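**Q** Dropping the structure in here first, questions after.
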Amino acid sequence: MGLYFKTLGVPELFADREGARQSLRLRYRKAYAVLGYLAVEHDRWHPRRRLADLFWPNLTPEAALANLRLILKNLNDILAGAVGARCLKVERERLGLFFDPSLRADVLLLREENLEALRRCACNEDSARMTAAWDPMPDQMEGEFLAGIDADECGEFEDWLLLKRAFFDRARADFFRQYVLAARRC
């Protein structure tokens, strides 16, 4: 059993149970934005106050932290309940998303090491063997990063989101270019 977070296109969260995908619904729309941010900025700690300011810049610090607490409770319940693992590490002053095999996200497929692996594929057989375990498959990777997430009143988060959308559009184009080139190399 595992968990899959789709960030390209409208964000969705799925639990894999015995080969069947079950959609998991987060209680708060902004929870998808927080999870998307943590997925991209994974495997490191983030100060709680910094995240509260990032997502609720127009609220008092206390109100922003209260909102973050609600979202973290919802995320922790969903992540721990679906996979039984504690990928979301939450401490008094900091938190982070630390990937393990039970949690996957489509944006991780666009990491530079995967592009390098595709560039090194000697033939179509190598490419097919390498991509057989990828989830999602590249044909499912469409849409804007965190599509539908509105960051209009979150100045710094909006800037981050626009930069990441442009980055992932370029990374996806490069990924598909390398994918096709690897498939043609026999």
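Identifiers in the structure tokens: chain A, B, ... in order shown; residue index from 1 per chain; ligand index from 1 in order shown.
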Could you please write out, as JSON, numbers by chain, every residue of chain A that DSSP assigns to strand (DSSP E)?
**A** {"A": [2, 3, 4, 5, 6, 12, 13, 14, 15, 16, 17, 20, 21, 22, 23, 24, 46, 47, 88, 89, 90, 94, 95, 96, 97, 103, 104, 105]}
**Q** DSSP on the backbone: which residues in region 8-181 of chain A end up as helix (DSSP H, G or I)? Give the answer as a PyMOL selection string.
**A** chain A and resi 29-40+48-55+61-83+106-110+112-120+124-131+138-140+155-181
**Q** Would you kindly return, as a compact mmCIF listing (two decimals) with all heavy atoms, in the first residue's frame, each protein, DNA or RNA residue with an atom no farther than 10 Å from any atom of region 18-34 of chain A, considering only C-alpha atoms and excluding same-chain residues fewer than 3 positions away?
**A**
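Output saved as part.txt:
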# COMPACT_ATOMS: atom_id res chain seq x y z
N MET A 1 0.84 -1.17 0.00
CA MET A 1 0.00 0.00 0.00
C MET A 1 0.89 1.24 0.00
O MET A 1 1.94 1.26 0.63
CB MET A 1 -0.90 -0.01 1.24
CG MET A 1 -1.87 1.14 1.25
SD MET A 1 -3.24 0.92 2.37
CE MET A 1 -2.48 1.37 3.90
N GLY A 2 0.47 2.26 -0.72
CA GLY A 2 1.23 3.48 -0.79
C GLY A 2 0.33 4.66 -1.09
O GLY A 2 -0.88 4.52 -1.26
N LEU A 3 0.95 5.79 -1.17
CA LEU A 3 0.24 7.03 -1.41
C LEU A 3 0.88 7.73 -2.60
O LEU A 3 2.10 7.74 -2.72
CB LEU A 3 0.34 7.90 -0.16
CG LEU A 3 -0.67 9.01 0.01
CD1 LEU A 3 -2.07 8.46 0.14
CD2 LEU A 3 -0.33 9.80 1.26
N TYR A 4 0.06 8.31 -3.45
CA TYR A 4 0.53 8.99 -4.63
C TYR A 4 -0.08 10.39 -4.66
O TYR A 4 -1.30 10.54 -4.55
CB TYR A 4 0.15 8.20 -5.89
CG TYR A 4 0.36 8.96 -7.16
CD1 TYR A 4 1.63 9.33 -7.55
CD2 TYR A 4 -0.71 9.33 -7.96
CE1 TYR A 4 1.83 10.05 -8.71
CE2 TYR A 4 -0.52 10.04 -9.12
CZ TYR A 4 0.75 10.40 -9.49
OH TYR A 4 0.94 11.12 -10.62
N PHE A 5 0.77 11.41 -4.80
CA PHE A 5 0.33 12.79 -4.87
C PHE A 5 0.56 13.31 -6.28
O PHE A 5 1.69 13.41 -6.74
CB PHE A 5 1.08 13.64 -3.84
CG PHE A 5 0.64 15.08 -3.79
CD1 PHE A 5 -0.68 15.44 -3.92
CD2 PHE A 5 1.58 16.07 -3.58
CE1 PHE A 5 -1.07 16.78 -3.85
CE2 PHE A 5 1.21 17.41 -3.51
CZ PHE A 5 -0.13 17.76 -3.65
N LYS A 6 -0.53 13.62 -6.96
CA LYS A 6 -0.48 14.17 -8.32
C LYS A 6 -0.48 15.69 -8.20
O LYS A 6 -1.44 16.27 -7.68
CB LYS A 6 -1.70 13.69 -9.11
CG LYS A 6 -1.80 14.25 -10.50
CD LYS A 6 -3.11 13.77 -11.14
CE LYS A 6 -3.38 14.43 -12.46
NZ LYS A 6 -3.65 15.86 -12.37
N THR A 7 0.59 16.32 -8.66
CA THR A 7 0.70 17.77 -8.59
C THR A 7 0.58 18.43 -9.96
O THR A 7 0.35 19.63 -10.04
CB THR A 7 2.04 18.20 -7.97
OG1 THR A 7 3.09 17.77 -8.83
CG2 THR A 7 2.22 17.63 -6.58
N VAL A 10 -4.78 19.34 -11.85
CA VAL A 10 -5.49 19.58 -10.59
C VAL A 10 -4.93 18.61 -9.56
O VAL A 10 -4.89 17.40 -9.81
CB VAL A 10 -7.01 19.38 -10.77
CG1 VAL A 10 -7.73 19.51 -9.44
CG2 VAL A 10 -7.55 20.38 -11.80
N PRO A 11 -4.47 19.10 -8.41
CA PRO A 11 -3.85 18.21 -7.43
C PRO A 11 -4.83 17.17 -6.90
O PRO A 11 -6.00 17.47 -6.63
CB PRO A 11 -3.39 19.15 -6.31
CG PRO A 11 -3.84 20.50 -6.66
CD PRO A 11 -4.49 20.49 -7.97
N GLU A 12 -4.31 15.94 -6.78
CA GLU A 12 -5.11 14.84 -6.25
C GLU A 12 -4.21 13.96 -5.40
O GLU A 12 -3.01 13.85 -5.66
CB GLU A 12 -5.70 14.00 -7.37
CG GLU A 12 -6.69 14.75 -8.25
CD GLU A 12 -7.21 13.86 -9.36
OE1 GLU A 12 -8.13 13.06 -9.09
OE2 GLU A 12 -6.68 13.96 -10.47
N LEU A 13 -4.81 13.31 -4.45
CA LEU A 13 -4.12 12.39 -3.56
C LEU A 13 -4.81 11.04 -3.67
O LEU A 13 -6.03 10.96 -3.59
CB LEU A 13 -4.20 12.94 -2.14
CG LEU A 13 -3.23 12.49 -1.09
CD1 LEU A 13 -1.79 12.68 -1.52
CD2 LEU A 13 -3.49 13.23 0.21
N PHE A 14 -4.01 9.99 -3.87
CA PHE A 14 -4.56 8.64 -4.02
C PHE A 14 -3.85 7.67 -3.09
O PHE A 14 -2.64 7.78 -2.88
CB PHE A 14 -4.33 8.12 -5.45
CG PHE A 14 -5.00 8.92 -6.52
CD1 PHE A 14 -4.27 9.86 -7.23
CD2 PHE A 14 -6.33 8.74 -6.82
CE1 PHE A 14 -4.86 10.61 -8.23
CE2 PHE A 14 -6.94 9.48 -7.82
CZ PHE A 14 -6.20 10.41 -8.53
N ALA A 15 -4.60 6.72 -2.61
CA ALA A 15 -4.02 5.59 -1.88
C ALA A 15 -4.07 4.40 -2.81
O ALA A 15 -5.08 4.16 -3.48
CB ALA A 15 -4.81 5.29 -0.61
N TYR A 37 3.81 22.42 -1.88
CA TYR A 37 5.02 23.14 -1.49
C TYR A 37 5.99 22.18 -0.79
O TYR A 37 7.18 22.13 -1.12
CB TYR A 37 4.67 24.32 -0.57
CG TYR A 37 5.87 25.11 -0.12
CD1 TYR A 37 6.37 26.13 -0.91
CD2 TYR A 37 6.50 24.82 1.09
CE1 TYR A 37 7.49 26.86 -0.50
CE2 TYR A 37 7.60 25.54 1.50
CZ TYR A 37 8.09 26.56 0.70
OH TYR A 37 9.20 27.26 1.11
N LEU A 38 5.47 21.41 0.16
CA LEU A 38 6.33 20.49 0.90
C LEU A 38 6.88 19.38 0.00
O LEU A 38 8.00 18.91 0.21
CB LEU A 38 5.57 19.89 2.09
CG LEU A 38 5.21 20.88 3.20
CD1 LEU A 38 4.32 20.20 4.23
CD2 LEU A 38 6.45 21.47 3.84
N ALA A 39 6.10 18.95 -1.00
CA ALA A 39 6.57 17.91 -1.92
C ALA A 39 7.75 18.41 -2.75
O ALA A 39 8.71 17.67 -2.97
CB ALA A 39 5.43 17.45 -2.84
N LEU A 51 6.11 29.06 7.24
CA LEU A 51 5.04 28.52 6.40
C LEU A 51 3.72 29.25 6.64
O LEU A 51 2.98 29.53 5.69
CB LEU A 51 4.87 27.02 6.63
CG LEU A 51 6.00 26.14 6.12
CD1 LEU A 51 5.75 24.69 6.47
CD2 LEU A 51 6.19 26.30 4.62
N ALA A 52 3.43 29.55 7.89
CA ALA A 52 2.20 30.29 8.20
C ALA A 52 2.21 31.66 7.50
O ALA A 52 1.21 32.07 6.90
CB ALA A 52 2.05 30.44 9.71
N LEU A 54 3.93 32.43 4.84
CA LEU A 54 3.93 32.19 3.39
C LEU A 54 2.51 32.00 2.86
O LEU A 54 2.16 32.54 1.82
CB LEU A 54 4.78 30.96 3.08
CG LEU A 54 5.01 30.61 1.62
CD1 LEU A 54 5.85 31.68 0.93
CD2 LEU A 54 5.71 29.25 1.52
N PHE A 55 1.69 31.23 3.59
CA PHE A 55 0.35 30.89 3.09
C PHE A 55 -0.75 31.83 3.57
O PHE A 55 -1.80 31.90 2.94
CB PHE A 55 0.02 29.45 3.45
CG PHE A 55 0.79 28.46 2.64
CD1 PHE A 55 1.93 27.86 3.15
CD2 PHE A 55 0.43 28.17 1.34
CE1 PHE A 55 2.67 26.96 2.39
CE2 PHE A 55 1.15 27.29 0.56
CZ PHE A 55 2.27 26.69 1.09
N ASN A 67 -4.45 28.28 11.38
CA ASN A 67 -4.82 27.69 10.08
C ASN A 67 -3.85 26.58 9.69
O ASN A 67 -4.26 25.53 9.22
CB ASN A 67 -4.85 28.76 8.99
CG ASN A 67 -6.08 29.63 9.06
OD1 ASN A 67 -7.00 29.39 9.83
ND2 ASN A 67 -6.10 30.68 8.25
N LEU A 68 -2.56 26.84 9.88
CA LEU A 68 -1.56 25.83 9.55
C LEU A 68 -1.75 24.58 10.40
O LEU A 68 -1.65 23.47 9.89
CB LEU A 68 -0.15 26.40 9.74
CG LEU A 68 1.00 25.47 9.38
CD1 LEU A 68 0.96 25.06 7.91
CD2 LEU A 68 2.34 26.12 9.72
N LEU A 70 -4.55 23.38 11.60
CA LEU A 70 -5.70 22.63 11.06
C LEU A 70 -5.30 21.83 9.83
O LEU A 70 -5.67 20.66 9.67
CB LEU A 70 -6.84 23.59 10.71
CG LEU A 70 -7.59 24.21 11.89
CD1 LEU A 70 -8.56 25.27 11.39
CD2 LEU A 70 -8.32 23.15 12.68
N ILE A 71 -4.56 22.46 8.94
CA ILE A 71 -4.13 21.79 7.72
C ILE A 71 -3.17 20.65 8.04
O ILE A 71 -3.28 19.55 7.48
CB ILE A 71 -3.53 22.80 6.73
CG1 ILE A 71 -4.69 23.57 6.08
CG2 ILE A 71 -2.65 22.13 5.68
CD1 ILE A 71 -4.31 24.61 5.10
N LEU A 72 -2.25 20.87 8.94
CA LEU A 72 -1.29 19.82 9.30
C LEU A 72 -1.99 18.63 9.96
O LEU A 72 -1.63 17.47 9.71
CB LEU A 72 -0.20 20.36 10.22
CG LEU A 72 0.75 21.36 9.57
CD1 LEU A 72 1.72 21.92 10.61
CD2 LEU A 72 1.49 20.74 8.40
N ASN A 74 -5.08 17.66 9.33
CA ASN A 74 -5.74 16.97 8.22
C ASN A 74 -4.74 16.17 7.39
O ASN A 74 -4.96 14.99 7.08
CB ASN A 74 -6.48 17.99 7.36
CG ASN A 74 -7.24 17.38 6.20
OD1 ASN A 74 -7.19 17.89 5.09
ND2 ASN A 74 -7.95 16.29 6.42
N LEU A 75 -3.60 16.78 7.04
CA LEU A 75 -2.58 16.09 6.25
C LEU A 75 -2.01 14.89 7.02
O LEU A 75 -1.86 13.80 6.44
CB LEU A 75 -1.44 17.04 5.88
CG LEU A 75 -1.72 18.07 4.80
CD1 LEU A 75 -0.56 19.05 4.67
CD2 LEU A 75 -2.01 17.40 3.48
N ASP A 77 -3.41 13.14 9.42
CA ASP A 77 -4.43 12.08 9.50
C ASP A 77 -4.50 11.30 8.20
O ASP A 77 -4.56 10.07 8.20
CB ASP A 77 -5.79 12.67 9.84
CG ASP A 77 -5.90 13.18 11.25
OD1 ASP A 77 -5.01 12.89 12.09
OD2 ASP A 77 -6.89 13.90 11.54
N ILE A 78 -4.52 12.01 7.08
CA ILE A 78 -4.63 11.36 5.77
C ILE A 78 -3.37 10.55 5.45
O ILE A 78 -3.45 9.38 5.08
CB ILE A 78 -4.88 12.40 4.65
CG1 ILE A 78 -6.24 13.05 4.81
CG2 ILE A 78 -4.73 11.78 3.27
CD1 ILE A 78 -7.43 12.19 4.47
N LEU A 79 -2.20 11.17 5.59
CA LEU A 79 -0.95 10.48 5.24
C LEU A 79 -0.70 9.28 6.15
O LEU A 79 -0.38 8.19 5.67
CB LEU A 79 0.23 11.44 5.30
CG LEU A 79 0.22 12.59 4.29
CD1 LEU A 79 1.39 13.52 4.53
CD2 LEU A 79 0.22 12.08 2.87
N ALA A 82 -3.43 6.51 5.51
CA ALA A 82 -3.37 5.83 4.23
C ALA A 82 -2.17 4.88 4.14
O ALA A 82 -2.28 3.78 3.61
CB ALA A 82 -3.32 6.83 3.09
N LEU A 146 0.08 22.29 -9.79
CA LEU A 146 -0.95 22.73 -8.84
C LEU A 146 -2.02 23.58 -9.52
O LEU A 146 -2.41 24.64 -9.03
CB LEU A 146 -0.32 23.49 -7.67
CG LEU A 146 0.61 22.70 -6.76
CD1 LEU A 146 1.16 23.61 -5.65
CD2 LEU A 146 -0.06 21.49 -6.15
N ALA A 147 -2.53 23.06 -10.65
CA ALA A 147 -3.57 23.78 -11.40
C ALA A 147 -4.78 24.02 -10.50
O ALA A 147 -5.19 23.16 -9.73
CB ALA A 147 -3.98 22.97 -12.63
N GLY A 148 -5.33 25.21 -10.61
CA GLY A 148 -6.51 25.56 -9.83
C GLY A 148 -6.21 26.10 -8.44
O GLY A 148 -7.10 26.57 -7.76
N ILE A 149 -4.95 26.05 -8.03
CA ILE A 149 -4.58 26.62 -6.74
C ILE A 149 -4.45 28.13 -6.92
O ILE A 149 -3.66 28.60 -7.73
CB ILE A 149 -3.26 26.03 -6.19
CG1 ILE A 149 -3.42 24.53 -5.92
CG2 ILE A 149 -2.79 26.78 -4.95
CD1 ILE A 149 -4.38 24.17 -4.82
N ASP A 150 -5.22 28.87 -6.17
CA ASP A 150 -5.23 30.32 -6.26
C ASP A 150 -4.33 30.89 -5.17
O ASP A 150 -4.55 30.64 -3.99
CB ASP A 150 -6.67 30.82 -6.08
CG ASP A 150 -6.79 32.31 -6.18
OD1 ASP A 150 -5.87 32.96 -6.70
OD2 ASP A 150 -7.82 32.84 -5.72
N ALA A 151 -3.33 31.61 -5.57
CA ALA A 151 -2.38 32.19 -4.62
C ALA A 151 -2.39 33.71 -4.70
O ALA A 151 -1.40 34.36 -4.35
CB ALA A 151 -0.99 31.64 -4.90
N PHE A 157 4.25 33.23 -1.76
CA PHE A 157 3.87 31.91 -2.26
C PHE A 157 3.47 32.01 -3.73
O PHE A 157 3.80 31.14 -4.53
CB PHE A 157 2.74 31.29 -1.44
CG PHE A 157 2.24 29.99 -2.02
CD1 PHE A 157 3.06 28.87 -2.02
CD2 PHE A 157 0.99 29.90 -2.59
CE1 PHE A 157 2.63 27.66 -2.58
CE2 PHE A 157 0.55 28.70 -3.15
CZ PHE A 157 1.37 27.59 -3.14
N LEU A 161 5.07 29.88 -6.63
CA LEU A 161 4.22 29.03 -7.47
C LEU A 161 4.43 29.33 -8.96
O LEU A 161 4.56 28.41 -9.78
CB LEU A 161 2.76 29.21 -7.08
CG LEU A 161 1.73 28.33 -7.77
CD1 LEU A 161 2.03 26.85 -7.54
CD2 LEU A 161 0.33 28.68 -7.28
**Q** Have a look at A:Ala80, A:Leu59, A:Leu110, A:Val90 and name the one nearest to Arg170 (chain A); count only C-alpha atoms.
**A**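 Counting only C-alpha atoms, the residue closest to Arg170 (chain A) is A:Leu110.
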**Q** Pick out the closest residue to Val107 (chain A) from this set: A:Arg49, A:Arg165, A:Arg119, A:Arg92. Count only C-alpha atoms.
**A** A:Arg165
**Q** If we count only C-alpha atoms and set the cut-off at 9 Å, which residues sit around Ala171 (chain A), ignoring sequence neighbours fewer than 2 positions away in its own chain? Please answer as a CSV table (one decimal) with all heavy atoms, in the first residue's frame.
**A**
chain,number,residue,atom,x,y,z
A,110,LEU,N,10.4,14.2,-12.4
A,110,LEU,CA,11.1,15.2,-13.2
A,110,LEU,C,12.4,15.7,-12.6
A,110,LEU,O,13.0,16.6,-13.1
A,110,LEU,CB,10.2,16.4,-13.4
A,110,LEU,CG,8.9,16.2,-14.1
A,110,LEU,CD1,8.0,17.4,-14.1
A,110,LEU,CD2,9.1,15.6,-15.5
A,111,ARG,N,12.9,14.9,-11.7
A,111,ARG,CA,14.2,15.3,-11.1
A,111,ARG,C,15.3,15.0,-12.1
A,111,ARG,O,15.3,14.2,-13.0
A,111,ARG,CB,14.5,14.4,-9.8
A,111,ARG,CG,13.6,14.8,-8.7
A,111,ARG,CD,14.1,14.2,-7.4
A,111,ARG,NE,13.7,12.8,-7.4
A,111,ARG,CZ,13.7,12.0,-6.4
A,111,ARG,NH1,14.0,12.5,-5.2
A,111,ARG,NH2,13.4,10.7,-6.4
A,112,GLU,N,16.4,15.8,-11.9
A,112,GLU,CA,17.5,15.7,-12.9
A,112,GLU,C,18.1,14.4,-13.0
A,112,GLU,O,18.5,13.9,-14.1
A,112,GLU,CB,18.6,16.8,-12.4
A,112,GLU,CG,19.7,16.9,-13.4
A,112,GLU,CD,19.3,17.4,-14.8
A,112,GLU,OE1,18.4,18.1,-14.9
A,112,GLU,OE2,20.0,16.9,-15.8
A,115,LEU,N,16.3,12.5,-15.6
A,115,LEU,CA,16.7,13.0,-17.0
A,115,LEU,C,18.0,12.4,-17.4
A,115,LEU,O,18.2,12.0,-18.5
A,115,LEU,CB,16.6,14.5,-17.0
A,115,LEU,CG,15.3,15.1,-16.8
A,115,LEU,CD1,15.4,16.6,-16.7
A,115,LEU,CD2,14.4,14.8,-18.0
A,166,ALA,N,6.7,27.4,-14.2
A,166,ALA,CA,7.5,27.6,-15.3
A,166,ALA,C,8.6,26.5,-15.3
A,166,ALA,O,8.9,25.9,-16.4
A,166,ALA,CB,8.2,29.0,-15.3
A,167,PHE,N,9.2,26.3,-14.1
A,167,PHE,CA,10.3,25.2,-14.0
A,167,PHE,C,9.7,23.9,-14.4
A,167,PHE,O,10.4,23.1,-15.2
A,167,PHE,CB,10.8,25.2,-12.6
A,167,PHE,CG,11.7,24.0,-12.4
A,167,PHE,CD1,13.0,24.1,-12.8
A,167,PHE,CD2,11.2,22.9,-11.8
A,167,PHE,CE1,13.9,23.0,-12.6
A,167,PHE,CE2,12.1,21.8,-11.6
A,167,PHE,CZ,13.4,21.8,-12.0
A,168,PHE,N,8.6,23.5,-13.9
A,168,PHE,CA,8.0,22.1,-14.2
A,168,PHE,C,7.6,22.0,-15.7
A,168,PHE,O,7.6,20.9,-16.2
A,168,PHE,CB,7.0,21.7,-13.2
A,168,PHE,CG,7.5,21.4,-11.9
A,168,PHE,CD1,7.1,22.0,-10.7
A,168,PHE,CD2,8.5,20.4,-11.7
A,168,PHE,CE1,7.7,21.7,-9.5
A,168,PHE,CE2,9.1,20.0,-10.5
A,168,PHE,CZ,8.6,20.7,-9.4
A,169,ASP,N,7.1,23.1,-16.2
A,169,ASP,CA,6.8,23.1,-17.7
A,169,ASP,C,8.0,22.7,-18.5
A,169,ASP,O,8.0,21.9,-19.4
A,169,ASP,CB,6.2,24.4,-18.1
A,169,ASP,CG,4.7,24.5,-17.8
A,169,ASP,OD1,4.1,23.5,-17.3
A,169,ASP,OD2,4.2,25.7,-17.9
A,173,ALA,N,8.9,19.2,-20.5
A,173,ALA,CA,9.3,19.2,-21.9
A,173,ALA,C,10.6,18.5,-22.1
A,173,ALA,O,10.8,17.7,-23.1
A,173,ALA,CB,9.3,20.6,-22.4
A,174,ASP,N,11.6,18.8,-21.3
A,174,ASP,CA,12.9,18.1,-21.4
A,174,ASP,C,12.8,16.6,-21.1
A,174,ASP,O,13.4,15.8,-21.8
A,174,ASP,CB,13.9,18.8,-20.4
A,174,ASP,CG,15.3,18.3,-20.7
A,174,ASP,OD1,15.6,18.0,-21.8
A,174,ASP,OD2,16.1,18.4,-19.7
A,175,PHE,N,12.0,16.3,-20.1
A,175,PHE,CA,11.8,14.9,-19.8
A,175,PHE,C,11.2,14.1,-21.0
A,175,PHE,O,11.7,13.1,-21.4
A,175,PHE,CB,10.8,14.7,-18.6
A,175,PHE,CG,10.5,13.3,-18.3
A,175,PHE,CD1,11.3,12.6,-17.4
A,175,PHE,CD2,9.4,12.7,-18.8
A,175,PHE,CE1,11.0,11.3,-17.1
A,175,PHE,CE2,9.1,11.4,-18.5
A,175,PHE,CZ,9.9,10.6,-17.7
A,176,PHE,N,10.2,14.7,-21.6
A,176,PHE,CA,9.6,14.0,-22.8
A,176,PHE,C,10.5,13.9,-24.0
A,176,PHE,O,10.5,12.9,-24.7
A,176,PHE,CB,8.2,14.6,-23.2
A,176,PHE,CG,7.1,14.3,-22.2
A,176,PHE,CD1,6.3,15.2,-21.6
A,176,PHE,CD2,6.8,12.9,-22.0
A,176,PHE,CE1,5.3,14.9,-20.8
A,176,PHE,CE2,5.8,12.6,-21.1
A,176,PHE,CZ,5.1,13.6,-20.5
**Q** In Å, how far is it from CA of Tyr179 (chain A) to CA of Glu144 (chain A)?
**A**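 Pair CA of Tyr179 (chain A) / CA of Glu144 (chain A) returns 19.6 Å.
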**Q** Compare A:Glu93, A:Asp16, A:Asp100, A:Asp152 by their minimum atom-to-atom distance to Arg50 (chain A), counting only C-alpha atoms, and give me the closest one.
**A**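 Comparing A:Glu93, A:Asp16, A:Asp100, A:Asp152 against Arg50 (chain A), the winner is A:Glu93.
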**Q** I'd like the neighbourhood of Phe98 (chain A) as JSON, numbers by chain, where a residue qualifies if any of its atoms comes within 7 Å (using only C-alpha atoms), though same-chain residues fewer than 2 positions away should be ignored.
**A** {"A": [42, 43, 87, 88, 96, 100]}
**Q** If you keep N, CA and C atoms, can you produce a file of those selected residues as a PDB file, in the first residue's frame?
**A**
ATOM      1  N   HIS A  42      10.954  19.081  -0.390  1.00  0.00           N
ATOM      2  CA  HIS A  42      10.962  17.897   0.475  1.00  0.00           C
ATOM      3  C   HIS A  42      12.331  17.628   1.114  1.00  0.00           C
ATOM      4  N   ASP A  43      12.280  16.721   2.063  1.00  0.00           N
ATOM      5  CA  ASP A  43      13.482  16.218   2.736  1.00  0.00           C
ATOM      6  C   ASP A  43      14.288  17.314   3.437  1.00  0.00           C
ATOM      7  N   CYS A  87       5.492  10.210   7.009  1.00  0.00           N
ATOM      8  CA  CYS A  87       6.304  10.971   6.050  1.00  0.00           C
ATOM      9  C   CYS A  87       6.290  12.450   6.390  1.00  0.00           C
ATOM     10  N   LEU A  88       5.187  12.895   6.946  1.00  0.00           N
ATOM     11  CA  LEU A  88       5.077  14.280   7.370  1.00  0.00           C
ATOM     12  C   LEU A  88       5.546  14.349   8.816  1.00  0.00           C
ATOM     13  N   GLY A  96       8.389  19.045   8.052  1.00  0.00           N
ATOM     14  CA  GLY A  96       8.927  18.698   6.744  1.00  0.00           C
ATOM     15  C   GLY A  96       8.279  17.445   6.205  1.00  0.00           C
ATOM     16  N   ASP A 100       9.531   8.514   1.441  1.00  0.00           N
ATOM     17  CA  ASP A 100       9.998   7.139   1.565  1.00  0.00           C
ATOM     18  C   ASP A 100       9.230   6.342   0.510  1.00  0.00           C
TER      19      ASP A 100
END
**Q** Please indicate the distance in Å from CA of Trp56 (chain A) to CA of Glu153 (chain A), rounded to one decimal place.
**A**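 Between these atoms lies a distance of 8.1 Å.
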